[in-house]
>>> print(open('coords.cif').read())   # mmCIF, C-alpha atoms and all ligand atoms; chains and numbers go by the auth columns
data_final
#
loop_
_atom_site.group_PDB
_atom_site.id
_atom_site.type_symbol
_atom_site.label_atom_id
_atom_site.label_comp_id
_atom_site.label_asym_id
_atom_site.label_seq_id
_atom_site.Cartn_x
_atom_site.Cartn_y
_atom_site.Cartn_z
_atom_site.B_iso_or_equiv
_atom_site.auth_seq_id
_atom_site.auth_asym_id
ATOM 1 C CA MET A 1 0.000 0.000 0.000 0.00 1196 A
ATOM 2 C CA ASN A 2 1.271 3.488 -0.856 0.00 1197 A
ATOM 3 C CA THR A 3 1.268 5.752 2.198 0.00 1198 A
ATOM 4 C CA LEU A 4 1.641 9.472 1.648 0.00 1199 A
ATOM 5 C CA LYS A 5 3.824 10.912 4.421 0.00 1200 A
ATOM 6 C CA ILE A 6 3.798 14.682 4.643 0.00 1201 A
ATOM 7 C CA GLY A 7 7.331 16.056 4.631 0.00 1202 A
ATOM 8 C CA GLU A 8 8.902 12.915 3.169 0.00 1203 A
ATOM 9 C CA ASN A 9 7.469 13.274 -0.299 0.00 1204 A
ATOM 10 C CA SER A 10 7.598 16.373 -2.442 0.00 1205 A
ATOM 11 C CA PHE A 11 4.066 17.536 -3.186 0.00 1206 A
ATOM 12 C CA GLU A 12 5.273 20.424 -5.353 0.00 1207 A
ATOM 13 C CA LEU A 13 1.919 21.177 -6.939 0.00 1208 A
ATOM 14 C CA ALA A 14 -0.011 20.882 -3.666 0.00 1209 A
ATOM 15 C CA GLU A 15 2.596 22.961 -1.842 0.00 1210 A
ATOM 16 C CA ASP A 16 2.493 25.629 -4.522 0.00 1211 A
ATOM 17 C CA ILE A 17 -1.259 25.794 -4.065 0.00 1212 A
ATOM 18 C CA ILE A 18 -0.940 26.106 -0.289 0.00 1213 A
ATOM 19 C CA LYS A 19 1.513 28.996 -0.723 0.00 1214 A
ATOM 20 C CA ASP A 20 -0.734 30.819 -3.187 0.00 1215 A
ATOM 21 C CA LEU A 21 -2.307 34.084 -2.024 0.00 1216 A
ATOM 22 C CA LYS A 22 -5.774 32.730 -2.819 0.00 1217 A
ATOM 23 C CA ALA A 23 -5.359 29.814 -0.410 0.00 1218 A
ATOM 24 C CA PRO A 24 -6.332 30.172 3.253 0.00 1219 A
ATOM 25 C CA LYS A 25 -3.515 29.368 5.696 0.00 1220 A
ATOM 26 C CA ASP A 26 -5.293 26.233 6.938 0.00 1221 A
ATOM 27 C CA LEU A 27 -6.128 24.765 3.515 0.00 1222 A
ATOM 28 C CA GLY A 28 -6.222 21.023 4.231 0.00 1223 A
ATOM 29 C CA ILE A 29 -5.249 19.692 0.822 0.00 1224 A
ATOM 30 C CA LEU A 30 -2.451 17.499 2.206 0.00 1225 A
ATOM 31 C CA LYS A 31 -4.938 15.991 4.657 0.00 1226 A
ATOM 32 C CA CYS A 32 -7.380 14.883 1.948 0.00 1227 A
ATOM 33 C CA ILE A 33 -8.570 11.371 2.783 0.00 1228 A
ATOM 34 C CA GLN A 34 -10.297 10.876 -0.573 0.00 1229 A
ATOM 35 C CA CYS A 35 -13.645 10.361 1.142 0.00 1230 A
ATOM 36 C CA GLY A 36 -15.508 11.777 -1.872 0.00 1231 A
ATOM 37 C CA MET A 37 -17.923 13.897 0.160 0.00 1232 A
ATOM 38 C CA CYS A 38 -17.032 16.885 -1.998 0.00 1233 A
ATOM 39 C CA THR A 39 -18.017 14.961 -5.133 0.00 1234 A
ATOM 40 C CA SER A 40 -21.261 13.720 -3.602 0.00 1235 A
ATOM 41 C CA VAL A 41 -22.502 17.304 -3.083 0.00 1236 A
ATOM 42 C CA CYS A 42 -20.886 18.964 -6.111 0.00 1237 A
ATOM 43 C CA PRO A 43 -23.515 20.209 -8.606 0.00 1238 A
ATOM 44 C CA ALA A 44 -20.895 20.361 -11.383 0.00 1239 A
ATOM 45 C CA ALA A 45 -20.061 16.683 -10.779 0.00 1240 A
ATOM 46 C CA ARG A 46 -23.734 15.821 -11.061 0.00 1241 A
ATOM 47 C CA HIS A 47 -24.026 17.290 -14.538 0.00 1242 A
ATOM 48 C CA THR A 48 -20.529 16.869 -16.049 0.00 1243 A
ATOM 49 C CA ASP A 49 -17.414 14.677 -15.844 0.00 1244 A
ATOM 50 C CA TYR A 50 -15.915 17.072 -13.318 0.00 1245 A
ATOM 51 C CA ASP A 51 -14.969 15.411 -10.011 0.00 1246 A
ATOM 52 C CA PRO A 52 -13.503 17.512 -7.153 0.00 1247 A
ATOM 53 C CA ARG A 53 -12.215 14.425 -5.287 0.00 1248 A
ATOM 54 C CA GLU A 54 -10.326 13.367 -8.411 0.00 1249 A
ATOM 55 C CA LEU A 55 -9.079 16.915 -8.932 0.00 1250 A
ATOM 56 C CA VAL A 56 -7.500 16.877 -5.473 0.00 1251 A
ATOM 57 C CA LYS A 57 -6.031 13.406 -6.063 0.00 1252 A
ATOM 58 C CA ARG A 58 -4.435 14.543 -9.310 0.00 1253 A
ATOM 59 C CA VAL A 59 -2.904 17.518 -7.513 0.00 1254 A
ATOM 60 C CA LEU A 60 -1.486 15.187 -4.839 0.00 1255 A
ATOM 61 C CA ASP A 61 -0.175 12.966 -7.650 0.00 1256 A
ATOM 62 C CA LYS A 62 1.638 16.064 -9.034 0.00 1257 A
ATOM 63 C CA ASP A 63 -0.320 15.783 -12.260 0.00 1258 A
ATOM 64 C CA GLU A 64 0.599 19.065 -13.999 0.00 1259 A
ATOM 65 C CA THR A 65 -1.599 18.165 -16.993 0.00 1260 A
ATOM 66 C CA LEU A 66 -4.477 19.472 -14.885 0.00 1261 A
ATOM 67 C CA ILE A 67 -3.415 22.982 -15.860 0.00 1262 A
ATOM 68 C CA THR A 68 -4.271 22.308 -19.495 0.00 1263 A
ATOM 69 C CA ASP A 69 -7.247 20.052 -18.830 0.00 1264 A
ATOM 70 C CA ASP A 70 -10.577 21.614 -19.831 0.00 1265 A
ATOM 71 C CA ILE A 71 -12.205 19.847 -16.886 0.00 1266 A
ATOM 72 C CA ILE A 72 -11.039 22.542 -14.446 0.00 1267 A
ATOM 73 C CA TRP A 73 -13.378 25.031 -16.140 0.00 1268 A
ATOM 74 C CA ASN A 74 -16.512 23.132 -15.090 0.00 1269 A
ATOM 75 C CA CYS A 75 -16.502 24.225 -11.422 0.00 1270 A
ATOM 76 C CA PHE A 76 -18.586 27.330 -10.732 0.00 1271 A
ATOM 77 C CA TYR A 77 -17.321 28.160 -7.258 0.00 1272 A
ATOM 78 C CA CYS A 78 -20.399 27.464 -5.157 0.00 1273 A
ATOM 79 C CA TYR A 79 -18.117 26.316 -2.284 0.00 1274 A
ATOM 80 C CA THR A 80 -20.443 23.438 -1.330 0.00 1275 A
ATOM 81 C CA CYS A 81 -17.427 21.085 -1.425 0.00 1276 A
ATOM 82 C CA GLN A 82 -15.607 23.255 1.107 0.00 1277 A
ATOM 83 C CA SER A 83 -18.597 23.265 3.469 0.00 1278 A
ATOM 84 C CA VAL A 84 -18.639 19.446 3.774 0.00 1279 A
ATOM 85 C CA CYS A 85 -14.928 18.592 3.687 0.00 1280 A
ATOM 86 C CA PRO A 86 -13.963 16.927 6.984 0.00 1281 A
ATOM 87 C CA VAL A 87 -10.336 18.090 6.769 0.00 1282 A
ATOM 88 C CA SER A 88 -10.847 21.757 5.847 0.00 1283 A
ATOM 89 C CA ASN A 89 -9.841 21.312 2.279 0.00 1284 A
ATOM 90 C CA SER A 90 -11.472 23.343 -0.465 0.00 1285 A
ATOM 91 C CA PRO A 91 -11.472 21.856 -3.957 0.00 1286 A
ATOM 92 C CA SER A 92 -13.010 25.155 -4.970 0.00 1287 A
ATOM 93 C CA VAL A 93 -9.901 27.100 -3.893 0.00 1288 A
ATOM 94 C CA VAL A 94 -7.627 24.418 -5.364 0.00 1289 A
ATOM 95 C CA ASN A 95 -9.458 24.862 -8.639 0.00 1290 A
ATOM 96 C CA GLN A 96 -9.087 28.640 -8.510 0.00 1291 A
ATOM 97 C CA VAL A 97 -5.314 28.385 -8.187 0.00 1292 A
ATOM 98 C CA LEU A 98 -5.143 25.880 -11.037 0.00 1293 A
ATOM 99 C CA ARG A 99 -7.169 28.172 -13.257 0.00 1294 A
ATOM 100 C CA GLN A 100 -4.924 31.090 -12.416 0.00 1295 A
ATOM 101 C CA ARG A 101 -1.951 28.991 -13.488 0.00 1296 A
ATOM 102 C CA ALA A 102 -3.749 28.101 -16.694 0.00 1297 A
ATOM 103 C CA ILE A 103 -4.347 31.808 -17.355 0.00 1298 A
ATOM 104 C CA ASP A 104 -0.717 32.658 -16.543 0.00 1299 A
ATOM 105 C CA ASN A 105 0.592 30.102 -19.032 0.00 1300 A
ATOM 106 C CA GLY A 106 -1.765 31.368 -21.750 0.00 1301 A
ATOM 107 C CA LYS A 107 -3.933 28.273 -22.112 0.00 1302 A
ATOM 108 C CA GLY A 108 -6.698 29.638 -19.892 0.00 1303 A
ATOM 109 C CA LYS A 109 -6.895 33.108 -21.442 0.00 1304 A
ATOM 110 C CA PRO A 110 -9.482 32.231 -24.119 0.00 1305 A
ATOM 111 C CA LYS A 111 -11.654 30.807 -21.320 0.00 1306 A
ATOM 112 C CA VAL A 112 -11.847 34.078 -19.435 0.00 1307 A
ATOM 113 C CA ALA A 113 -11.546 36.497 -22.385 0.00 1308 A
ATOM 114 C CA PRO A 114 -15.350 36.655 -22.934 0.00 1309 A
ATOM 115 C CA PHE A 115 -15.645 38.063 -19.403 0.00 1310 A
ATOM 116 C CA SER A 116 -13.238 40.957 -20.038 0.00 1311 A
ATOM 117 C CA ALA A 117 -16.307 43.224 -20.346 0.00 1312 A
ATOM 118 C CA TYR A 118 -16.612 42.944 -16.538 0.00 1313 A
ATOM 119 C CA GLY A 119 -13.113 44.413 -16.264 0.00 1314 A
ATOM 120 C CA GLU A 120 -14.079 47.185 -18.674 0.00 1315 A
ATOM 121 C CA SER A 121 -17.104 48.114 -16.567 0.00 1316 A
ATOM 122 C CA PHE A 122 -14.879 48.109 -13.489 0.00 1317 A
ATOM 123 C CA ILE A 123 -12.628 50.674 -15.184 0.00 1318 A
ATOM 124 C CA GLU A 124 -15.601 52.746 -16.349 0.00 1319 A
ATOM 125 C CA PHE A 125 -17.633 52.778 -13.121 0.00 1320 A
ATOM 126 C CA GLY A 126 -15.122 51.738 -10.453 0.00 1321 A
ATOM 127 C CA LEU A 127 -17.346 48.828 -9.481 0.00 1322 A
ATOM 128 C CA GLY A 128 -18.604 45.547 -10.861 0.00 1323 A
ATOM 129 C CA ALA A 129 -21.560 46.087 -13.197 0.00 1324 A
ATOM 130 C CA ILE A 130 -23.281 43.724 -15.584 0.00 1325 A
ATOM 131 C CA PRO A 131 -21.740 44.447 -19.003 0.00 1326 A
ATOM 132 C CA SER A 132 -24.219 45.436 -21.721 0.00 1327 A
ATOM 133 C CA ASN A 133 -23.191 42.497 -23.947 0.00 1328 A
ATOM 134 C CA PHE A 134 -24.899 40.181 -21.439 0.00 1329 A
ATOM 135 C CA PHE A 135 -28.177 42.125 -21.532 0.00 1330 A
ATOM 136 C CA ASN A 136 -29.777 40.026 -24.279 0.00 1331 A
ATOM 137 C CA ASP A 137 -29.183 36.831 -22.296 0.00 1332 A
ATOM 138 C CA LEU A 138 -30.632 38.412 -19.151 0.00 1333 A
ATOM 139 C CA ILE A 139 -33.712 39.585 -21.045 0.00 1334 A
ATOM 140 C CA LYS A 140 -34.157 36.003 -22.260 0.00 1335 A
ATOM 141 C CA ASP A 141 -33.887 34.713 -18.673 0.00 1336 A
ATOM 142 C CA PHE A 142 -35.865 37.400 -16.817 0.00 1337 A
ATOM 143 C CA GLY A 143 -38.026 39.025 -19.481 0.00 1338 A
ATOM 144 C CA LYS A 144 -38.206 42.623 -20.772 0.00 1339 A
ATOM 145 C CA GLU A 145 -39.182 43.821 -17.275 0.00 1340 A
ATOM 146 C CA TRP A 146 -35.589 43.228 -16.252 0.00 1341 A
ATOM 147 C CA LEU A 147 -34.368 45.702 -18.900 0.00 1342 A
ATOM 148 C CA GLU A 148 -36.944 48.287 -17.816 0.00 1343 A
ATOM 149 C CA LEU A 149 -35.775 47.918 -14.230 0.00 1344 A
ATOM 150 C CA ARG A 150 -32.137 48.217 -15.338 0.00 1345 A
ATOM 151 C CA ILE A 151 -32.789 51.353 -17.407 0.00 1346 A
ATOM 152 C CA ASN A 152 -34.862 53.039 -14.686 0.00 1347 A
ATOM 153 C CA LEU A 153 -32.849 51.869 -11.716 0.00 1348 A
ATOM 154 C CA GLU A 154 -31.351 55.249 -10.913 0.00 1349 A
ATOM 155 C CA ASP A 155 -34.830 56.881 -10.847 0.00 1350 A
ATOM 156 C CA ILE A 156 -36.264 54.037 -8.766 0.00 1351 A
ATOM 157 C CA ARG A 157 -33.408 54.362 -6.281 0.00 1352 A
ATOM 158 C CA GLU A 158 -33.965 58.104 -6.078 0.00 1353 A
ATOM 159 C CA ASP A 159 -37.695 57.544 -5.353 0.00 1354 A
ATOM 160 C CA LEU A 160 -36.690 55.160 -2.575 0.00 1355 A
ATOM 161 C CA ASN A 161 -34.117 57.613 -1.191 0.00 1356 A
ATOM 162 C CA LEU A 162 -31.354 55.118 -1.811 0.00 1357 A
ATOM 163 C CA GLY A 163 -28.968 57.491 -3.577 0.00 1358 A
ATOM 164 C CA SER A 164 -27.005 56.766 -6.718 0.00 1359 A
ATOM 165 C CA MET A 165 -25.529 53.340 -7.318 0.00 1360 A
ATOM 166 C CA PHE A 166 -22.587 54.982 -9.083 0.00 1361 A
ATOM 167 C CA LEU A 167 -19.413 56.178 -7.388 0.00 1362 A
ATOM 168 C CA PRO A 168 -18.339 59.838 -7.521 0.00 1363 A
ATOM 169 C CA GLU A 169 -15.980 60.624 -10.430 0.00 1364 A
ATOM 170 C CA LYS A 170 -13.053 61.290 -8.087 0.00 1365 A
ATOM 171 C CA ASP A 171 -13.365 57.798 -6.564 0.00 1366 A
ATOM 172 C CA VAL A 172 -13.516 56.221 -10.021 0.00 1367 A
ATOM 173 C CA LYS A 173 -10.286 58.071 -10.905 0.00 1368 A
ATOM 174 C CA ASP A 174 -8.596 56.828 -7.705 0.00 1369 A
ATOM 175 C CA ILE A 175 -9.711 53.247 -8.417 0.00 1370 A
ATOM 176 C CA ASN A 176 -8.333 53.576 -11.942 0.00 1371 A
ATOM 177 C CA LYS A 177 -4.946 54.578 -10.529 0.00 1372 A
ATOM 178 C CA ILE A 178 -4.968 51.404 -8.409 0.00 1373 A
ATOM 179 C CA LEU A 179 -5.979 49.318 -11.431 0.00 1374 A
ATOM 180 C CA GLU A 180 -3.068 50.822 -13.375 0.00 1375 A
ATOM 181 C CA LYS A 181 -0.459 50.288 -10.631 0.00 1376 A
ATOM 182 C CA THR A 182 -1.525 46.728 -9.821 0.00 1377 A
ATOM 183 C CA GLY A 183 -1.289 45.608 -13.459 0.00 1378 A
ATOM 184 C CA PHE A 184 -5.050 45.053 -13.777 0.00 1379 A
ATOM 185 C CA LYS A 185 -5.233 47.167 -16.930 0.00 1380 A
ATOM 186 C CA ASN A 186 -2.327 45.339 -18.585 0.00 1381 A
ATOM 187 C CA ARG A 187 -3.928 42.000 -17.886 0.00 1382 A
ATOM 188 C CA LEU A 188 -7.254 43.265 -19.172 0.00 1383 A
ATOM 189 C CA ASN A 189 -5.587 44.416 -22.400 0.00 1384 A
ATOM 190 C CA GLU A 190 -4.167 40.908 -22.891 0.00 1385 A
ATOM 191 C CA LEU A 191 -7.639 39.439 -22.447 0.00 1386 A
ATOM 192 C CA ARG A 192 -9.142 41.993 -24.847 0.00 1387 A
ATOM 193 C CA ARG A 193 -6.575 41.044 -27.494 0.00 1388 A
ATOM 194 C CA CYS A 194 -7.424 37.403 -26.944 0.00 1389 A
ATOM 195 C CA ARG A 195 -11.175 38.123 -27.188 0.00 1390 A
ATOM 196 C CA ASP A 196 -10.762 40.193 -30.373 0.00 1391 A
ATOM 197 C CA GLU A 197 -8.578 37.515 -32.013 0.00 1392 A
ATOM 198 C CA LYS A 198 -11.235 34.936 -31.187 0.00 1393 A
ATOM 199 C CA ASN A 199 -14.006 37.103 -32.648 0.00 1394 A
ATOM 200 C CA THR A 200 -12.135 37.732 -35.931 0.00 1395 A
ATOM 201 C CA ARG A 201 -11.429 34.024 -36.534 0.00 1396 A
HETATM 202 S S1 LIG B . -14.299 16.087 0.978 0.00 1401 A
HETATM 203 FE FE1 LIG B . -12.253 16.815 1.481 0.00 1401 A
HETATM 204 S S2 LIG B . -11.191 15.007 2.254 0.00 1401 A
HETATM 205 FE FE2 LIG B . -12.991 14.269 1.191 0.00 1401 A
HETATM 206 S S3 LIG B . -12.256 13.873 -0.914 0.00 1401 A
HETATM 207 FE FE3 LIG B . -13.072 15.928 -0.897 0.00 1401 A
HETATM 208 S S4 LIG B . -11.296 17.241 -0.512 0.00 1401 A
HETATM 209 FE FE4 LIG B . -10.721 15.155 0.097 0.00 1401 A
HETATM 210 S S1 LIG B . -17.167 24.896 -5.773 0.00 1402 A
HETATM 211 FE FE1 LIG B . -16.866 23.706 -7.643 0.00 1402 A
HETATM 212 S S2 LIG B . -16.010 21.786 -6.901 0.00 1402 A
HETATM 213 FE FE2 LIG B . -16.943 22.765 -5.147 0.00 1402 A
HETATM 214 S S3 LIG B . -19.014 21.949 -5.046 0.00 1402 A
HETATM 215 FE FE3 LIG B . -19.140 23.860 -6.208 0.00 1402 A
HETATM 216 S S4 LIG B . -18.949 23.278 -8.362 0.00 1402 A
HETATM 217 FE FE4 LIG B . -18.240 21.524 -7.102 0.00 1402 A
#
>>> encode(input="coords.cif", output="structure tokens")
Amino acid sequence: MNTLKIGENSFELAEDIIKDLKAPKDLGILKCIQCGMCTSVCPAARHTDYDPRELVKRVLDKDETLITDDIIWNCFYCYTCQSVCPVSNSPSVVNQVLRQRAIDNGKGKPKVAPFSAYGESFIEFGLGAIPSNFFNDLIKDFGKEWLELRINLEDIREDLNLGSMFLPEKDVKDINKILEKTGFKNRLNELRRCRDEKNTR
């Protein structure tokens, strides 16, 4: 029987994940007992080939092919797996780090490029707003009333004394400076290029 002894084997991939900024200090990935509780509650596993227990096993097996495996894009970060894990592991967080690696090495960029409009609205308004290119889908899901609400939201908020949902211009400028300094805008430009290339193919 193979016994995994922490400290005696090199779990490079797992250790990299533990050290990642996204990971909580007590992420229990090295304690995973492969009980499968995460998979039993995972809605993505119910509807696709995605399997959080297997994901964690592949990380512990140092399987770097995970980074280029499309399967990692099936999780939608509901965190149900984390809530049931008996050893404080979070396949959801593990997945997030893997995706970030996939984006860093270029393979994952086309996956997130369609969402670059969220970044654009962050630059424009200083906060997360639903980009207009998703409006048609939302109208399909929620009906035309949704669009009416969206268009009249500022007036409705004013009637309810809720104030504007938009930030003052000065704050938007300050946020833009932060987005510039932290490299957010450079990364967004890369994603835009990727999105435009995809659209012209
Ligand atoms: S629930 Fe936790 S311990 Fe069990 S397989 Fe999933 S990650 Fe491993
Ligand atoms: S966060 Fe991902 S892996 Fe965890 S239960 Fe939800 S869909 Fe499954």
>>> residues_around(input="coords.cif", residues="segment 1254-1268 of chain A", least_positions_apart="6", cutoff="10 Å", atoms="only C-alpha atoms", output="PyMOL selection string")
chain A and resi 1199+1205-1210+1212+1224-1225+1227+1243-1247+1289-1298+1300-1303+1306-1307
>>> atom_distance(input="coords.cif", atom1="atom CA of Cys1389 of chain A", atom2="atom CA of Glu1315 of chain A")
14.4 Å
>>> residues_around(input="coords.cif", residues="Cys1237 of chain A", least_positions_apart="5", cutoff="12 Å", atoms="only C-alpha atoms", output="ChimeraX atom specification")
/A:1231-1232,1242-1248,1269-1280,1285-1287
>>> atom_distance(input="coords.cif", atom1="atom CA of Asn1347 of chain A", atom2="atom CA of Pro1326 of chain A")
16.3 Å
>>> closest_residue(input="coords.cif", among="A:Ile1351, A:Leu1362, A:Cys1233, A:Leu1374", to="ligand LIG 1402 (chain A)", atoms="all atoms listed in the file")
A:Cys1233
>>> closest_residue(input="coords.cif", among="A:Ser1316, A:Ser1235, A:Asn1284, A:Asn1328", to="Lys1380 of chain A", atoms="all atoms listed in the file")
A:Ser1316
>>> axis_aligned_box(input="coords.cif", around="segment 1227-1232 of chain A", padding_each_side="6 Å", output="lines of an AutoDock Vina configuration file")
center_x = -12.7
center_y = 12.6
center_z = 0.5
size_x = 22.5
size_y = 16.5
size_z = 16.7
>>> residues_near_point(input="coords.cif", point="(-14.5, 37.5, -22.4)", cutoff="12 Å", atoms="all atoms listed in the file", output="PDB file with C-alpha atoms, in the frame of the given file")
ATOM      1  CA  GLY A1303      -6.698  29.638 -19.892  1.00  0.00           C
ATOM      2  CA  LYS A1304      -6.895  33.108 -21.442  1.00  0.00           C
ATOM      3  CA  PRO A1305      -9.482  32.231 -24.119  1.00  0.00           C
ATOM      4  CA  LYS A1306     -11.654  30.807 -21.320  1.00  0.00           C
ATOM      5  CA  VAL A1307     -11.847  34.078 -19.435  1.00  0.00           C
ATOM      6  CA  ALA A1308     -11.546  36.497 -22.385  1.00  0.00           C
ATOM      7  CA  PRO A1309     -15.350  36.655 -22.934  1.00  0.00           C
ATOM      8  CA  PHE A1310     -15.645  38.063 -19.403  1.00  0.00           C
ATOM      9  CA  SER A1311     -13.238  40.957 -20.038  1.00  0.00           C
ATOM     10  CA  ALA A1312     -16.307  43.224 -20.346  1.00  0.00           C
ATOM     11  CA  TYR A1313     -16.612  42.944 -16.538  1.00  0.00           C
ATOM     12  CA  GLY A1314     -13.113  44.413 -16.264  1.00  0.00           C
ATOM     13  CA  GLU A1315     -14.079  47.185 -18.674  1.00  0.00           C
ATOM     14  CA  PRO A1326     -21.740  44.447 -19.003  1.00  0.00           C
ATOM     15  CA  ASN A1328     -23.191  42.497 -23.947  1.00  0.00           C
ATOM     16  CA  PHE A1329     -24.899  40.181 -21.439  1.00  0.00           C
ATOM     17  CA  LEU A1383      -7.254  43.265 -19.172  1.00  0.00           C
ATOM     18  CA  ASN A1384      -5.587  44.416 -22.400  1.00  0.00           C
ATOM     19  CA  GLU A1385      -4.167  40.908 -22.891  1.00  0.00           C
ATOM     20  CA  LEU A1386      -7.639  39.439 -22.447  1.00  0.00           C
ATOM     21  CA  ARG A1387      -9.142  41.993 -24.847  1.00  0.00           C
ATOM     22  CA  ARG A1388      -6.575  41.044 -27.494  1.00  0.00           C
ATOM     23  CA  CYS A1389      -7.424  37.403 -26.944  1.00  0.00           C
ATOM     24  CA  ARG A1390     -11.175  38.123 -27.188  1.00  0.00           C
ATOM     25  CA  ASP A1391     -10.762  40.193 -30.373  1.00  0.00           C
ATOM     26  CA  GLU A1392      -8.578  37.515 -32.013  1.00  0.00           C
ATOM     27  CA  LYS A1393     -11.235  34.936 -31.187  1.00  0.00           C
ATOM     28  CA  ASN A1394     -14.006  37.103 -32.648  1.00  0.00           C
TER      29      ASN A1394
END
>>> closest_residue(input="coords.cif", among="A:Ile1213, A:Ile1346, A:Val1251, A:Ala1239", to="ligand LIG 1401 (chain A)", atoms="all atoms listed in the file")
A:Val1251
>>> atom_distance(input="coords.cif", atom1="atom FE4 of ligand LIG 1402 (chain A)", atom2="atom CA of Thr1234 of chain A")
6.9 Å
>>> resolve_selection(input="coords.cif", expression="the PyMOL selection byres (((chain A and resi 1345) around 12) and not hetatm)", output="short mmCIF file (atom, residue, chain, number, x, y, z; two decimals) with C-alpha atoms, in the frame of the given file")
data_model
loop_
_atom_site.label_atom_id
_atom_site.label_comp_id
_atom_site.auth_asym_id
_atom_site.auth_seq_id
_atom_site.Cartn_x
_atom_site.Cartn_y
_atom_site.Cartn_z
CA ALA A 1324 -21.56 46.09 -13.20
CA ILE A 1325 -23.28 43.72 -15.58
CA PRO A 1326 -21.74 44.45 -19.00
CA SER A 1327 -24.22 45.44 -21.72
CA PHE A 1330 -28.18 42.12 -21.53
CA LEU A 1333 -30.63 38.41 -19.15
CA ILE A 1334 -33.71 39.58 -21.04
CA PHE A 1337 -35.86 37.40 -16.82
CA GLY A 1338 -38.03 39.02 -19.48
CA LYS A 1339 -38.21 42.62 -20.77
CA GLU A 1340 -39.18 43.82 -17.27
CA TRP A 1341 -35.59 43.23 -16.25
CA LEU A 1342 -34.37 45.70 -18.90
CA GLU A 1343 -36.94 48.29 -17.82
CA LEU A 1344 -35.78 47.92 -14.23
CA ILE A 1346 -32.79 51.35 -17.41
CA ASN A 1347 -34.86 53.04 -14.69
CA LEU A 1348 -32.85 51.87 -11.72
CA GLU A 1349 -31.35 55.25 -10.91
CA ASP A 1350 -34.83 56.88 -10.85
CA ILE A 1351 -36.26 54.04 -8.77
CA ARG A 1352 -33.41 54.36 -6.28
CA MET A 1360 -25.53 53.34 -7.32
#
>>> residues_near_point(input="coords.cif", point="(-13.4, 57.8, -12.3)", cutoff="12 Å", atoms="only C-alpha atoms", output="short mmCIF file (atom, residue, chain, number, x, y, z; two decimals) with C-alpha atoms, in the coordinates of the input")
data_model
loop_
_atom_site.label_atom_id
_atom_site.label_comp_id
_atom_site.auth_asym_id
_atom_site.auth_seq_id
_atom_site.Cartn_x
_atom_site.Cartn_y
_atom_site.Cartn_z
CA SER A 1316 -17.10 48.11 -16.57
CA PHE A 1317 -14.88 48.11 -13.49
CA ILE A 1318 -12.63 50.67 -15.18
CA GLU A 1319 -15.60 52.75 -16.35
CA PHE A 1320 -17.63 52.78 -13.12
CA GLY A 1321 -15.12 51.74 -10.45
CA LEU A 1322 -17.35 48.83 -9.48
CA PHE A 1361 -22.59 54.98 -9.08
CA LEU A 1362 -19.41 56.18 -7.39
CA PRO A 1363 -18.34 59.84 -7.52
CA GLU A 1364 -15.98 60.62 -10.43
CA LYS A 1365 -13.05 61.29 -8.09
CA ASP A 1366 -13.36 57.80 -6.56
CA VAL A 1367 -13.52 56.22 -10.02
CA LYS A 1368 -10.29 58.07 -10.90
CA ASP A 1369 -8.60 56.83 -7.70
CA ILE A 1370 -9.71 53.25 -8.42
CA ASN A 1371 -8.33 53.58 -11.94
CA LYS A 1372 -4.95 54.58 -10.53
CA ILE A 1373 -4.97 51.40 -8.41
CA LEU A 1374 -5.98 49.32 -11.43
#
>>> closest_residue(input="coords.cif", among="A:Asp1332, A:Ala1218, A:Leu1355, A:Glu1249", to="ligand LIG 1401 (chain A)", atoms="all atoms listed in the file")
A:Glu1249
